[in-house]
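Accompanying notes for the structure given below.
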Amino acid sequence: MKIIEFMNIVKKPIFHIFALIIALTLALSLRLIRLGITPLSNMEAGIALQALAVGQGTEAVFGEHAAYVGLTGLDFFLFAPGNFLARFWPAIFGAMIVFIPFLFREQIGYFPASILALVLAITPEMVGLSRIIGSPIIAFVSLFLAFGFLVRRKPVLSGLTFALSLMGGSGFWTGIVLFLLGLAAARKFLDFKIERPLFNLFFDRIFRIKFFAAWLVTIGIVGTGFFLSPESLSGVFSGLVNFIHGFGESYTQPFYLRPLALIGYSLPAVILGIWGGIRAILNRKKLDLFLFIIAGLGLAYFMLYPGAEPADLIWVTLPLWTLSARLVFSVWRLPEDNRLIMAVTGLVVVIIFMFLLMTLRSILNPGFSQDIQLVTIIALFGGLVLLIALVLLVTFGWSEEIALSGFLIGLSVVIIFGMIAVTTRTTGLSTEDSIEVWYPDQQKLSTRWLKIAIERVLDWNKRRVEPLEIVVVDLDLPGMHWALQEYDDVAFVPYLPPTTQPGILISNILTQPEISNSYRGQDLVWSEKARWQDLSAMQVLSWLIIRDAPMDYEEIILWVRTDLMPDEQLTQ
């Protein structure tokens, strides 16, 4: 197929609509499958409990995530609360990220927009953060959708998504500040200007009325939890307070975790995005330079803002992925002849990268001696030399076009399957355990055995008339509240009086209640947390490749009153 014929195909609207449908299907699948398997962390549970208070009409303290609380609160009002439903709206907003390139298709190009939509559907950071309550994904996606609808001159949709972004948390203010700084820098150094028709939209009275009407209605409906909790409107502008407060926070996490997250989740975007940025500087392409500036500002925020988390890397990677998509489309050309050589080159590139990956994994084998590890490192450098030699051989033996096309084909295959593998491993889609760095201070909770043990006790005593009381001592944690929210008679107390005799007692492993003589206890692992501050160079490499890290574990004790045990009931 000649390049002209290929271009005629990709210019047809049906091609890009089909690509968008595929991207949306992938995005929804990767974000919704096994969504409720992983227990909610304390951060997630704290926000989900706000939504639960809205759904149940109880009093609660509302924070910055008003959009999530309002939407999920309605779900909890209509349906039984659970992990899947608690994470549903972040996943849906995360899947809608594929519409962002489609809205900007005239600006970034039709084919690059289709490439970008497919990439955003599967890239690990976009999928991973869509499966976490409290991540910036709602504010992030809604803000760019608002900009896109503004470009498309859709005042109602723009006002609606702008309101959702505002209620999405402090991420809204991050995006606004980065965009304004990027626009100011582009105007000064690139003479980059917003199109006058777009700028004049807000001078159109009808447009303003529709925009602000949609904005106010969305704030009024979603911000009040669909009128279930009018007082939750107090959280609409909490994101601004938290954003400003973030400048005064101290760095409590190891600083290297931020670049580590960027490398571990988005290395292809970094490499290709920088390549695209350098190419934009050489060719003076204003749009690419603007994207490069936004990426640079996002990187500065990501690295320097004290309140930033590794999860905030999406402000860096979206412009880098956009640059990458435009780069691939610009430099990738299908040669008129020698396509077999191009295909073989791509295949060999894939094989070499597979060899490099297996070599990296073998370095982590603790059974290898230093001599074997040295040989492995030499083999790793040998693979890189072989890759460079292959590209040079094809370049001088045939042509630069064939070499570049073959290399990009192979690299694209490696990136796509690599992203799918990392996404599957790091987002709960795989059954394998993995340690993630999105929010390093958050513990990973384990509620399965706690619930199994409680259900067994309740099953042993299902003929009892009075309900069994569950008392939690000195563990007033959001994750514990959420794990036990399905049980009716639960109390959280700082200490337990000796005269109290609850049926089930849950305490810290270090807490020994005075009444423990009349109870039987079982210790359970409650949470685990990576020792990020203690990582060695080899452990950093281990995390990058297999998502493993040294862990600290926290245990709890489940106490059951002796008369509730099966053997005691048989003797009575």
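Note on naming: chains are A, B, ... as they come in the structure tokens, residues start from 1 per chain, ligands start from 1 in the order shown.
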### Message
as a VMD selection string, please: the residues near region 445-456 of chain A (cut-off 7 Å, only C-alpha atoms, same-chain neighbours under 2 positions excluded).
### Response
chain A and resid 39 41 443 458 to 460 483 525 to 528
Same residues, C-alpha atoms, saved as a short mmCIF file (atom, residue, chain, number, x, y, z; two decimals), in the first residue's frame:
```cif
data_model
loop_
_atom_site.label_atom_id
_atom_site.label_comp_id
_atom_site.auth_asym_id
_atom_site.auth_seq_id
_atom_site.Cartn_x
_atom_site.Cartn_y
_atom_site.Cartn_z
CA PRO A 39 -9.37 -3.57 49.75
CA SER A 41 -6.72 1.94 51.64
CA GLN A 443 -0.63 1.22 53.78
CA LEU A 458 -21.50 -15.23 63.12
CA ASP A 459 -22.28 -18.53 61.41
CA TRP A 460 -21.48 -20.50 64.57
CA ALA A 483 -14.23 -3.04 56.21
CA VAL A 525 -1.99 -9.34 59.21
CA TRP A 526 -3.92 -6.08 58.81
CA SER A 527 -1.65 -3.93 56.66
CA GLU A 528 1.70 -3.79 54.92
#
```
### Message
Give me, as a ChimeraX atom specification, all polymer residues having an atom no more than 12 Å from Ser29 (chain A), counting only C-alpha atoms and skipping those fewer than 5 positions away in the same chain.
### Response
/A:22-24,34-35,91-92,94-95,121-122,127,130-131,423-424,429
### Using only C-alpha atoms: which of A:Ala491, A:Leu411, A:Val69, A:Ala146 has the shortest distance to Val236 (chain A)
A:Val69
### Query
A:Thr395, A:Leu287, A:Ile274, A:Ser229: which is nearest Glu106 (chain A), counting only C-alpha atoms?
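Using only C-alpha atoms, Glu106 (chain A) sits closest to A:Leu287.
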### Task
Mind giving me the straight-line distance from CA of Pro90 (chain A) to CA of Val156 (chain A) in Å, one decimal?
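Going from CA of Pro90 (chain A) over to CA of Val156 (chain A) covers 21.9 Å.
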### Query
What is the distance between CA of Leu558 (chain A) and CA of Val473 (chain A), in Å to one decimal?
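Separation between CA of Leu558 (chain A) and CA of Val473 (chain A): 10.6 Å.
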### Message
Between CA of Phe179 (chain A) and CA of Gly128 (chain A), what distance in Å does the model show, to one decimal?
### Response
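Going from CA of Phe179 (chain A) over to CA of Gly128 (chain A) covers 23.9 Å.
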### Message
Set the distance at 12 Å and use only C-alpha atoms: which residues neighbour Asn83 (chain A) once local chain neighbours fewer than 6 positions away are removed? I'd like the list as a list in words.
### Response
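Contacts, in chain order: Leu32, Arg34, Leu35, Gly36, Ile37, Thr38, Pro39, Leu40, Ser41, Glu44, Ala45, Ala48, Leu49, Leu52, Thr72, Phe76, Trp89, Arg131, Ile132, Ile133, Thr447, Gly479, Trp482, Ala483, Gln485 and Glu486 of chain A.
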How close does region 358-473 of chain A get to region 250-273 of chain A? List, as a Markdown table, each residue of region 358-473 of chain A within 8 Å, its nearest atom pair and the distance in Å to one decimal, counting only C-alpha atoms.
```
| residue | atom | partner | partner_atom | distance |
| --- | --- | --- | --- | --- |
| A:Ile415 | CA | A:Pro268 | CA | 6.8 |
| A:Val422 | CA | A:Tyr265 | CA | 7.7 |
| A:Val437 | CA | A:Ala261 | CA | 6.7 |
| A:Trp438 | CA | A:Ala261 | CA | 7.6 |
| A:Pro440 | CA | A:Gln253 | CA | 7.2 |
| A:Asp441 | CA | A:Gln253 | CA | 7.5 |
```
I need the chosen residues saved as a JSON list (two decimals), in the first residue's frame, with all heavy atoms.
```
[["chain", "number", "residue", "atom", "x", "y", "z"],
["A", 415, "ILE", "N", 6.64, -1.41, 23.24],
["A", 415, "ILE", "CA", 5.98, -0.45, 24.13],
["A", 415, "ILE", "C", 4.55, -0.88, 24.44],
["A", 415, "ILE", "O", 4.11, -0.85, 25.60],
["A", 415, "ILE", "CB", 6.00, 0.96, 23.51],
["A", 415, "ILE", "CG1", 7.43, 1.53, 23.54],
["A", 415, "ILE", "CG2", 5.06, 1.90, 24.25],
["A", 415, "ILE", "CD1", 7.57, 2.86, 22.83],
["A", 422, "VAL", "N", 2.74, -4.13, 32.27],
["A", 422, "VAL", "CA", 2.88, -3.33, 33.49],
["A", 422, "VAL", "C", 1.50, -2.95, 34.03],
["A", 422, "VAL", "O", 1.25, -3.01, 35.24],
["A", 422, "VAL", "CB", 3.73, -2.07, 33.22],
["A", 422, "VAL", "CG1", 3.75, -1.16, 34.44],
["A", 422, "VAL", "CG2", 5.15, -2.46, 32.84],
["A", 437, "VAL", "N", 3.74, 2.70, 44.06],
["A", 437, "VAL", "CA", 4.32, 3.89, 44.68],
["A", 437, "VAL", "C", 3.44, 5.12, 44.53],
["A", 437, "VAL", "O", 3.87, 6.23, 44.81],
["A", 437, "VAL", "CB", 5.73, 4.14, 44.09],
["A", 437, "VAL", "CG1", 5.64, 4.72, 42.68],
["A", 437, "VAL", "CG2", 6.58, 5.03, 44.99],
["A", 438, "TRP", "N", 2.17, 4.93, 44.10],
["A", 438, "TRP", "CA", 1.31, 6.09, 43.85],
["A", 438, "TRP", "C", 1.24, 7.00, 45.07],
["A", 438, "TRP", "O", 1.42, 8.21, 44.96],
["A", 438, "TRP", "CB", -0.11, 5.62, 43.50],
["A", 438, "TRP", "CG", -0.23, 4.66, 42.37],
["A", 438, "TRP", "CD1", -0.74, 3.39, 42.43],
["A", 438, "TRP", "CD2", 0.13, 4.86, 40.99],
["A", 438, "TRP", "NE1", -0.71, 2.80, 41.19],
["A", 438, "TRP", "CE2", -0.18, 3.69, 40.29],
["A", 438, "TRP", "CE3", 0.70, 5.93, 40.30],
["A", 438, "TRP", "CZ2", 0.05, 3.54, 38.93],
["A", 438, "TRP", "CZ3", 0.92, 5.79, 38.94],
["A", 438, "TRP", "CH2", 0.60, 4.61, 38.28],
["A", 440, "PRO", "N", 3.00, 6.73, 48.60],
["A", 440, "PRO", "CA", 3.94, 5.94, 49.40],
["A", 440, "PRO", "C", 3.58, 5.85, 50.88],
["A", 440, "PRO", "O", 3.94, 4.87, 51.54],
["A", 440, "PRO", "CB", 5.27, 6.68, 49.21],
["A", 440, "PRO", "CG", 5.11, 7.48, 47.97],
["A", 440, "PRO", "CD", 3.66, 7.85, 47.91],
["A", 441, "ASP", "N", 2.90, 6.86, 51.42],
["A", 441, "ASP", "CA", 2.58, 6.85, 52.84],
["A", 441, "ASP", "C", 1.37, 5.99, 53.17],
["A", 441, "ASP", "O", 1.09, 5.76, 54.36],
["A", 441, "ASP", "CB", 2.32, 8.28, 53.34],
["A", 441, "ASP", "CG", 3.58, 9.13, 53.30],
["A", 441, "ASP", "OD1", 4.68, 8.55, 53.40],
["A", 441, "ASP", "OD2", 3.46, 10.37, 53.16]]
```
#### Entry: Neighbour list for Thr174 (chain A) as a PyMOL selection string, cut-off 10 Å, only C-alpha atoms, skip fewer than 5 positions in-chain
chain A and resi 136+139-140+169+179+239-240+243+298+301+308+312+315
